[in-house]
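**Q** Here you go, upload_39.pdb (PDB, C-alpha atoms (C1' of nucleotides)):
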ATOM      1  CA  MET T   1       7.707  22.371   5.117
ATOM      2  CA  ARG T   2       8.559  18.736   4.683
ATOM      3  CA  LEU T   3       5.889  16.494   3.169
ATOM      4  CA  ALA T   4       6.031  12.735   2.717
ATOM      5  CA  THR T   5       3.909   9.839   1.534
ATOM      6  CA  TRP T   6       4.348   6.167   2.399
ATOM      7  CA  ASN T   7       2.383   3.015   1.708
ATOM      8  CA  VAL T   8       3.301   1.207   4.922
ATOM      9  CA  ASN T   9       1.537  -2.122   4.212
ATOM     10  CA  SER T  10      -0.003  -2.342   7.707
ATOM     11  CA  ILE T  11       0.701   0.352  10.260
ATOM     12  CA  GLY T  12       0.518  -2.270  12.990
ATOM     13  CA  ALA T  13       3.272  -4.375  11.470
ATOM     14  CA  ARG T  14       5.253  -1.286  10.490
ATOM     15  CA  LEU T  15       5.154   0.680  13.730
ATOM     16  CA  PRO T  16       8.687  -0.388  14.789
ATOM     17  CA  ARG T  17       9.940   1.055  11.497
ATOM     18  CA  LEU T  18       7.557   4.006  11.236
ATOM     19  CA  LEU T  19       8.177   5.658  14.597
ATOM     20  CA  PRO T  20      11.999   5.854  14.294
ATOM     21  CA  TRP T  21      11.589   6.980  10.684
ATOM     22  CA  LEU T  22       9.323   9.823  11.787
ATOM     23  CA  GLU T  23      11.863  10.958  14.367
ATOM     24  CA  GLN T  24      14.741  10.776  11.919
ATOM     25  CA  THR T  25      13.018  12.248   8.873
ATOM     26  CA  ALA T  26      10.762  14.666  10.725
ATOM     27  CA  PRO T  27       8.157  15.389   8.063
ATOM     28  CA  ASP T  28       5.625  18.072   8.946
ATOM     29  CA  VAL T  29       2.944  16.112   7.129
ATOM     30  CA  LEU T  30       2.899  12.403   6.268
ATOM     31  CA  ALA T  31       0.302  10.691   4.096
ATOM     32  CA  LEU T  32      -0.078   6.992   4.851
ATOM     33  CA  GLN T  33      -1.655   4.257   2.759
ATOM     34  CA  GLU T  34      -2.582   0.648   3.489
ATOM     35  CA  THR T  35      -2.793   1.117   7.230
ATOM     36  CA  LYS T  36      -4.820  -2.145   7.268
ATOM     37  CA  CYS T  37      -6.173  -1.071  10.597
ATOM     38  CA  ALA T  38      -9.532  -0.485  12.194
ATOM     39  CA  ASP T  39      -9.733   3.066  13.463
ATOM     40  CA  SER T  40     -10.145   1.704  17.003
ATOM     41  CA  ALA T  41      -6.695   0.109  16.690
ATOM     42  CA  PHE T  42      -4.945   3.086  15.080
ATOM     43  CA  PRO T  43      -1.852   4.107  17.103
ATOM     44  CA  TYR T  44      -2.966   7.673  17.808
ATOM     45  CA  ALA T  45      -1.097   7.820  21.123
ATOM     46  CA  ASP T  46       2.256   6.695  19.696
ATOM     47  CA  LEU T  47       1.977   9.321  16.984
ATOM     48  CA  ALA T  48       0.839  12.033  19.385
ATOM     49  CA  ALA T  49       3.922  11.322  21.490
ATOM     50  CA  LEU T  50       5.974  12.427  18.488
ATOM     51  CA  GLY T  51       3.840  15.526  18.010
ATOM     52  CA  TYR T  52       1.515  14.338  15.263
ATOM     53  CA  GLU T  53      -2.215  14.698  14.982
ATOM     54  CA  ALA T  54      -3.824  12.115  12.746
ATOM     55  CA  ALA T  55      -6.882  11.799  10.531
ATOM     56  CA  HIS T  56      -7.444   8.140   9.705
ATOM     57  CA  ALA T  57      -9.950   6.265   7.578
ATOM     58  CA  GLY T  58      -9.786   2.533   8.139
ATOM     59  CA  ASP T  59     -12.125  -0.396   8.643
ATOM     60  CA  GLY T  60      -9.813  -3.301   9.319
ATOM     61  CA  ARG T  61      -8.116  -5.784   7.122
ATOM     62  CA  TRP T  62      -7.714  -3.942   3.825
ATOM     63  CA  ASN T  63      -6.923  -0.437   2.605
ATOM     64  CA  GLY T  64      -6.865   2.383   5.151
ATOM     65  CA  VAL T  65      -5.303   5.848   4.737
ATOM     66  CA  ALA T  66      -4.251   8.662   7.034
ATOM     67  CA  VAL T  67      -2.887  12.176   7.147
ATOM     68  CA  LEU T  68      -0.462  12.902   9.983
ATOM     69  CA  SER T  69       0.436  16.494  10.733
ATOM     70  CA  ARG T  70       2.399  18.472  13.269
ATOM     71  CA  VAL T  71       1.413  21.809  11.716
ATOM     72  CA  GLY T  72      -2.332  21.619  12.284
ATOM     73  CA  LEU T  73      -5.141  19.386  11.084
ATOM     74  CA  GLU T  74      -8.394  21.108  10.143
ATOM     75  CA  ASP T  75     -11.347  20.442   7.858
ATOM     76  CA  VAL T  76     -10.836  16.665   7.865
ATOM     77  CA  SER T  77     -12.644  14.695   5.170
ATOM     78  CA  LEU T  78     -12.564  10.908   4.853
ATOM     79  CA  GLU T  79     -15.063  10.476   2.043
ATOM     80  CA  LEU T  80     -15.043  10.019  -1.708
ATOM     81  CA  GLU T  81     -18.581  10.131  -2.972
ATOM     82  CA  GLY T  82     -19.860   6.770  -4.163
ATOM     83  CA  HIS T  83     -16.890   4.781  -2.857
ATOM     84  CA  PRO T  84     -17.235   3.434   0.686
ATOM     85  CA  GLU T  85     -13.800   1.790   0.979
ATOM     86  CA  PRO T  86     -11.350   3.810   3.120
ATOM     87  CA  ARG T  87      -9.023   5.075   0.402
ATOM     88  CA  ILE T  88      -8.962   8.841   0.933
ATOM     89  CA  ALA T  89      -8.188  11.192   3.817
ATOM     90  CA  SER T  90      -7.707  14.918   3.546
ATOM     91  CA  ALA T  91      -7.129  17.871   5.817
ATOM     92  CA  GLN T  92      -5.883  21.422   5.893
ATOM     93  CA  CYS T  93      -2.357  21.192   7.318
ATOM     94  CA  GLY T  94      -1.155  24.705   8.014
ATOM     95  CA  PRO T  95      -0.959  26.520   4.683
ATOM     96  CA  ILE T  96      -1.454  23.408   2.526
ATOM     97  CA  HIS T  97      -4.493  21.262   1.893
ATOM     98  CA  VAL T  98      -3.279  17.656   1.883
ATOM     99  CA  THR T  99      -4.997  14.549   0.526
ATOM    100  CA  SER T 100      -3.756  10.983   1.027
ATOM    101  CA  VAL T 101      -5.016   8.521  -1.579
ATOM    102  CA  TYR T 102      -4.806   4.776  -2.070
ATOM    103  CA  VAL T 103      -6.079   4.074  -5.571
ATOM    104  CA  PRO T 104      -7.527   0.589  -6.167
ATOM    105  CA  ASN T 105      -5.002  -1.860  -7.608
ATOM    106  CA  GLY T 106      -7.103  -2.978 -10.561
ATOM    107  CA  ARG T 107      -5.780  -6.553 -10.519
ATOM    108  CA  ALA T 108      -6.146  -7.308 -14.250
ATOM    109  CA  ILE T 109      -7.330  -5.509 -17.367
ATOM    110  CA  GLY T 110     -11.063  -6.047 -17.688
ATOM    111  CA  ASP T 111     -11.442  -7.290 -14.123
ATOM    112  CA  PRO T 112     -14.259  -5.602 -12.218
ATOM    113  CA  HIS T 113     -11.561  -4.083 -10.001
ATOM    114  CA  TYR T 114      -9.982  -2.498 -13.062
ATOM    115  CA  HIS T 115     -13.217  -0.687 -13.856
ATOM    116  CA  TYR T 116     -13.560   0.207 -10.196
ATOM    117  CA  LYS T 117     -10.069   1.703 -10.334
ATOM    118  CA  LEU T 118     -10.954   3.920 -13.290
ATOM    119  CA  ALA T 119     -14.242   4.963 -11.709
ATOM    120  CA  TRP T 120     -12.429   5.815  -8.490
ATOM    121  CA  PHE T 121      -9.963   7.977 -10.417
ATOM    122  CA  SER T 122     -12.869   9.714 -12.113
ATOM    123  CA  SER T 123     -14.446  10.502  -8.750
ATOM    124  CA  LEU T 124     -11.111  11.808  -7.450
ATOM    125  CA  ARG T 125     -10.878  14.126 -10.457
ATOM    126  CA  GLU T 126     -14.443  15.322  -9.862
ATOM    127  CA  ARG T 127     -13.610  15.988  -6.237
ATOM    128  CA  LEU T 128     -10.908  18.438  -7.332
ATOM    129  CA  ASN T 129     -13.638  20.678  -8.725
ATOM    130  CA  SER T 130     -14.376  21.856  -5.219
ATOM    131  CA  PHE T 131     -10.799  23.155  -4.899
ATOM    132  CA  ASP T 132      -8.854  26.002  -6.490
ATOM    133  CA  PRO T 133      -5.693  25.094  -8.467
ATOM    134  CA  THR T 134      -4.187  28.485  -7.629
ATOM    135  CA  GLN T 135      -4.181  27.570  -3.912
ATOM    136  CA  PRO T 136      -1.635  25.374  -2.080
ATOM    137  CA  LEU T 137      -2.853  21.804  -2.511
ATOM    138  CA  VAL T 138      -1.114  18.426  -2.419
ATOM    139  CA  VAL T 139      -2.508  15.055  -3.446
ATOM    140  CA  MET T 140      -0.138  12.219  -2.607
ATOM    141  CA  GLY T 141      -0.183   8.500  -2.237
ATOM    142  CA  ASP T 142      -0.187   5.176  -4.026
ATOM    143  CA  LEU T 143      -1.764   5.771  -7.437
ATOM    144  CA  ASN T 144      -1.062   2.235  -8.695
ATOM    145  CA  VAL T 145      -0.115   3.686 -12.085
ATOM    146  CA  ALA T 146       3.265   4.059 -13.795
ATOM    147  CA  LEU T 147       2.924   7.184 -15.944
ATOM    148  CA  ARG T 148       5.826   6.495 -18.308
ATOM    149  CA  ASP T 149       7.402   3.340 -19.656
ATOM    150  CA  SER T 150      10.579   4.271 -17.771
ATOM    151  CA  ASP T 151       8.629   4.176 -14.507
ATOM    152  CA  VAL T 152       8.770   0.368 -14.531
ATOM    153  CA  TRP T 153      11.849  -1.823 -14.660
ATOM    154  CA  ASP T 154      10.964  -3.375 -18.024
ATOM    155  CA  ILE T 155       7.943  -2.226 -19.964
ATOM    156  CA  SER T 156       7.957  -5.433 -22.022
ATOM    157  CA  ALA T 157       7.086  -7.313 -18.829
ATOM    158  CA  PHE T 158       3.866  -5.276 -18.660
ATOM    159  CA  ALA T 159       2.204  -6.320 -21.886
ATOM    160  CA  ASP T 160      -1.459  -6.864 -21.054
ATOM    161  CA  SER T 161      -0.887  -5.702 -17.479
ATOM    162  CA  THR T 162      -2.490  -3.054 -15.362
ATOM    163  CA  HIS T 163      -0.644   0.056 -14.103
ATOM    164  CA  VAL T 164       0.558   1.075 -17.580
ATOM    165  CA  THR T 165      -2.566   1.136 -19.763
ATOM    166  CA  PRO T 166      -3.531   4.315 -21.610
ATOM    167  CA  ALA T 167      -6.744   4.503 -19.600
ATOM    168  CA  GLU T 168      -4.923   4.415 -16.271
ATOM    169  CA  ARG T 169      -2.284   6.883 -17.414
ATOM    170  CA  GLY T 170      -5.028   9.088 -18.772
ATOM    171  CA  ALA T 171      -6.715   9.077 -15.389
ATOM    172  CA  VAL T 172      -3.541  10.429 -13.749
ATOM    173  CA  GLN T 173      -3.048  12.866 -16.602
ATOM    174  CA  ALA T 174      -6.526  14.241 -15.914
ATOM    175  CA  LEU T 175      -5.347  15.179 -12.422
ATOM    176  CA  LEU T 176      -2.317  16.938 -13.937
ATOM    177  CA  ASP T 177      -4.520  18.687 -16.482
ATOM    178  CA  TRP T 178      -6.588  20.124 -13.645
ATOM    179  CA  GLY T 179      -3.452  21.841 -12.403
ATOM    180  CA  LEU T 180      -1.388  19.433 -10.356
ATOM    181  CA  VAL T 181       2.335  18.940 -10.959
ATOM    182  CA  ASP T 182       4.029  15.536 -10.680
ATOM    183  CA  VAL T 183       7.007  16.067  -8.353
ATOM    184  CA  GLU T 184       9.984  14.109  -9.630
ATOM    185  CA  ALA T 185      12.267  12.805  -6.948
ATOM    186  CA  ARG T 186      15.955  13.234  -7.567
ATOM    187  CA  PRO T 187      17.701  10.045  -8.605
ATOM    188  CA  GLY T 188      19.645   8.156  -5.973
ATOM    189  CA  LYS T 189      22.961   6.628  -6.920
ATOM    190  CA  GLY T 190      22.177   6.680 -10.611
ATOM    191  CA  ASP T 191      19.001   4.709 -10.123
ATOM    192  CA  ILE T 192      15.532   5.481 -11.337
ATOM    193  CA  PRO T 193      13.495   6.709  -8.370
ATOM    194  CA  PHE T 194      11.215   3.717  -8.075
ATOM    195  CA  THR T 195       8.934   3.671  -5.036
ATOM    196  CA  TYR T 196       7.769   0.041  -4.997
ATOM    197  CA  TRP T 197       9.531  -3.307  -5.277
ATOM    198  CA  ASP T 198       7.694  -6.626  -4.989
ATOM    199  CA  TYR T 199       8.707  -8.670  -1.985
ATOM    200  CA  ARG T 200       9.166 -11.706  -4.184
ATOM    201  CA  ALA T 201      11.983 -12.875  -6.425
ATOM    202  CA  GLY T 202      14.628 -10.523  -5.034
ATOM    203  CA  MET T 203      13.068  -7.599  -6.876
ATOM    204  CA  MET T 204      14.462  -5.000  -4.463
ATOM    205  CA  HIS T 205      17.927  -6.490  -4.593
ATOM    206  CA  LYS T 206      17.849  -6.331  -8.393
ATOM    207  CA  ASN T 207      16.224  -2.880  -8.368
ATOM    208  CA  LEU T 208      13.304  -4.157 -10.428
ATOM    209  CA  GLY T 209      10.784  -1.641  -9.201
ATOM    210  CA  MET T 210       8.005   0.702 -10.185
ATOM    211  CA  ARG T 211       7.260   4.381  -9.640
ATOM    212  CA  ILE T 212       3.652   4.235  -8.515
ATOM    213  CA  ASP T 213       3.693   6.515  -5.442
ATOM    214  CA  TYR T 214       3.312  10.194  -6.271
ATOM    215  CA  VAL T 215       3.341  13.649  -4.771
ATOM    216  CA  LEU T 216       1.191  15.985  -6.858
ATOM    217  CA  THR T 217       1.177  19.681  -5.993
ATOM    218  CA  THR T 218      -0.361  22.846  -7.279
ATOM    219  CA  PRO T 219       2.273  25.208  -8.751
ATOM    220  CA  VAL T 220       2.174  27.660  -5.833
ATOM    221  CA  VAL T 221       3.760  24.913  -3.727
ATOM    222  CA  ARG T 222       7.423  25.440  -4.550
ATOM    223  CA  VAL T 223       9.498  22.275  -4.372
ATOM    224  CA  SER T 224      13.068  22.669  -3.106
ATOM    225  CA  ASP T 225      13.994  18.977  -2.868
ATOM    226  CA  ALA T 226      12.443  15.540  -3.361
ATOM    227  CA  TYR T 227      13.786  12.053  -2.811
ATOM    228  CA  VAL T 228      12.734   8.448  -2.408
ATOM    229  CA  ASP T 229      13.967   6.994   0.871
ATOM    230  CA  ARG T 230      15.195   3.621  -0.367
ATOM    231  CA  GLU T 231      16.814   2.890   2.985
ATOM    232  CA  ALA T 232      13.327   2.522   4.448
ATOM    233  CA  ARG T 233      12.638  -0.286   1.934
ATOM    234  CA  LYS T 234      15.668  -2.282   3.072
ATOM    235  CA  GLY T 235      16.208  -4.797   5.833
ATOM    236  CA  LYS T 236      13.908  -6.758   8.057
ATOM    237  CA  GLY T 237      10.363  -5.614   8.582
ATOM    238  CA  ALA T 238      10.219  -3.188   5.629
ATOM    239  CA  SER T 239       7.131  -2.259   3.654
ATOM    240  CA  ASP T 240       7.189  -3.120  -0.042
ATOM    241  CA  HIS T 241       6.965   0.633  -0.754
ATOM    242  CA  ALA T 242       9.513   3.333   0.038
ATOM    243  CA  PRO T 243       8.509   6.785   1.288
ATOM    244  CA  VAL T 244       8.677   9.804  -1.012
ATOM    245  CA  VAL T 245       9.906  12.899   0.833
ATOM    246  CA  VAL T 246       9.381  16.396  -0.582
ATOM    247  CA  ASP T 247      10.564  19.721   0.848
ATOM    248  CA  VAL T 248       8.400  22.670  -0.143
ATOM    249  CA  GLU T 249       7.904  26.362   0.433
ATOM    250  CA  VAL T 250       4.521  28.050   0.294
TER     251      VAL T 250
ATOM    252  C1'  DA S   1       9.632 -11.740 -11.628
ATOM    253  C1'  DT S   2       5.893 -14.818  -9.176
ATOM    254  C1'  DG S   3      11.554 -16.690  -4.686
ATOM    255  C1'  DT S   4       7.132 -12.583   0.200
ATOM    256  C1'  DC S   5       4.413 -10.558   3.397
ATOM    257  C1'  DA S   6       0.246  -9.350   6.389
ATOM    258  C1'  DT S   7      -4.159 -10.574   7.932
ATOM    259  C1'  DC S   8      -8.204 -13.348   8.901
ATOM    260  C1'  DT S   9     -10.353 -17.655  10.027
ATOM    261  C1'  DT S  10     -10.056 -20.411  13.768
ATOM    262  C1'  DA S  11      -6.252 -23.482  16.569
ATOM    263  C1'  DG S  12      -2.604 -24.613  12.088
ATOM    264  C1'  DA S  13      -2.608 -24.276   7.496
ATOM    265  C1'  DG S  14      -5.204 -22.239   3.808
ATOM    266  C1'  DA S  15      -7.438 -18.132   1.553
ATOM    267  C1'  DT S  16      -6.994 -13.496   0.097
ATOM    268  C1'  DG S  17      -4.845  -9.456  -1.748
ATOM    269  C1'  DA S  18      -0.959  -7.026  -3.230
TER     270       DA S  18
END
Written as structure tokens, that's how I'd like the structure from this file.
**A**
Amino acid sequence: MRLATWNVNSIGARLPRLLPWLEQTAPDVLALQETKCADSAFPYADLAALGYEAAHAGDGRWNGVAVLSRVGLEDVSLELEGHPEPRIASAQCGPIHVTSVYVPNGRAIGDPHYHYKLAWFSSLRERLNSFDPTQPLVVMGDLNVALRDSDVWDISAFADSTHVTPAERGAVQALLDWGLVDVEARPGKGDIPFTYWDYRAGMMHKNLGMRIDYVLTTPVVRVSDAYVDREARKGKGASDHAPVVVDVEV
DNA sequence: ATGTCATCTTAGAGATGA
């Protein structure tokens, strides 16, 4: 099976890039983040034409997540207890239970959104208690955390910044401690497999990026290949995130 | 690194968030 995750930064704006990418890459399951789309405007028909069912949580301008699948879509859940924003969507997709997550950005250390981010992570970890780490399970999406110093272009630029604090890293580590494995994409042409580059200041051109999009799997999901599709980040009309593509066997 | 992008309000540029 081929799994992928992609923060598309508006599915409406990205549809001319997303649909050809789906045809070319042909994932069996795709987790989307930042659809920025009311459910009534979600392009179900365009996706169905390519063979995908979709479970979408979205309320308009901000956030919004989805799970697309062409191998079945059962037991859909769009809720994280205590957190009404549409930041989680999960479903059983064939043999694997898949969850798409868009973790709050946090904005600045000490900001109310920073505490919200940590609380959201805590709820996500609690939610795992209703699952079995010996079963095939994937949690993927935009975690808005760089686990290691090497996951950002220059750690010295992140003094007093979010995404790299011990508390945020600890929140991701808690997911790993439950039994999830952080799938490491193979490097491209000698580059670090960043997944996000700011639109501003030529960051993509200079490869000043961050690895903040993750595919986390239980160990029974055997990974045969994983890569970041940097081509999808290039050119006109790109998202500021690149997709992460992972081939697995269950 | 702060050089962009997407969306909403409301009719054209500013606010917001990332």
**Q** Once the PyMOL selection byres ((chain S) within 7 of (chain T)) has been evaluated on this model, what residues remain selected, and can you format them as a list in words?
**A**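 Selection result, ordered by chain and number: DA1, DT2, DG3, DT4 and DT7 of chain S.
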**Q** Between atom CA of Gly94 of chain T and atom CA of Ala232 of chain T, what is the distance, to one decimal in Å?
**A**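 These two atoms are separated by 26.7 Å.
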**Q** Write out as a ChimeraX atom specification each polymer residue whose atoms come within 9 Å of segment 166-183 of chain T, counting all atoms listed in the file; drop sequence neighbours fewer than 2 positions from it.
**A** /T:117-118,121-122,124-125,128-129,133-134,137-139,143-148,162-164,185,214-219,223,226,246
**Q** Would you kindly return, as a PDB file with C-alpha atoms, in the frame of the given file, each protein, DNA or RNA residue with an atom no farther than 9 Å from any atom of Phe42 of chain T, considering all atoms listed in the file and excluding same-chain residues fewer than 3 positions away?
**A**
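Contents of out.pdb, freshly written:
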ATOM      1  CA  ILE T  11       0.701   0.352  10.260  1.00  0.00           C
ATOM      2  CA  GLY T  12       0.518  -2.270  12.990  1.00  0.00           C
ATOM      3  CA  THR T  35      -2.793   1.117   7.230  1.00  0.00           C
ATOM      4  CA  CYS T  37      -6.173  -1.071  10.597  1.00  0.00           C
ATOM      5  CA  ALA T  38      -9.532  -0.485  12.194  1.00  0.00           C
ATOM      6  CA  ASP T  39      -9.733   3.066  13.463  1.00  0.00           C
ATOM      7  CA  ALA T  45      -1.097   7.820  21.123  1.00  0.00           C
ATOM      8  CA  HIS T  56      -7.444   8.140   9.705  1.00  0.00           C
ATOM      9  CA  GLY T  58      -9.786   2.533   8.139  1.00  0.00           C
TER      10      GLY T  58
END
**Q** Counting only C-alpha atoms, which residue out of T:Val220, T:Val103, T:Leu50, T:Ala26 sits closest to Asn7 of chain T?
**A** T:Val103
**Q** Could you tell me how far atom CA of Ile155 of chain T lies from atom CA of Pro104 of chain T, in Å and to one decimal?
**A** 20.9 Å
**Q** Evaluate the PyMOL selection byres ((chain T and resi 32) around 6) here and jot the selected residues down as a PyMOL selection string.
**A** chain T and resi 5-7+31+33+65-66
**Q** With C-alpha atoms retained, could you export that selection as a short mmCIF file (atom, residue, chain, number, x, y, z; two decimals), in the frame of the given file?
**A**
data_model
loop_
_atom_site.label_atom_id
_atom_site.label_comp_id
_atom_site.auth_asym_id
_atom_site.auth_seq_id
_atom_site.Cartn_x
_atom_site.Cartn_y
_atom_site.Cartn_z
CA THR T 5 3.91 9.84 1.53
CA TRP T 6 4.35 6.17 2.40
CA ASN T 7 2.38 3.02 1.71
CA ALA T 31 0.30 10.69 4.10
CA GLN T 33 -1.66 4.26 2.76
CA VAL T 65 -5.30 5.85 4.74
CA ALA T 66 -4.25 8.66 7.03
#
**Q** Can you turn the PyMOL selection byres ((chain T and resi 19) around 12) into a concrete residue list for this file, as a list in words?
**A** Val8, Ile11, Gly12, Ala13, Arg14, Leu15, Pro16, Arg17, Leu18, Pro20, Trp21, Leu22, Glu23, Gln24, Thr25, Ala26, Pro27, Leu30, Pro43, Tyr44, Ala45, Asp46, Leu47, Ala48, Ala49, Leu50, Gly51, Tyr52 and Ala232 of chain T
**Q** By how many Å are atom CA of Met140 of chain T and atom CA of Ile212 of chain T apart?
**A** 10.6 Å
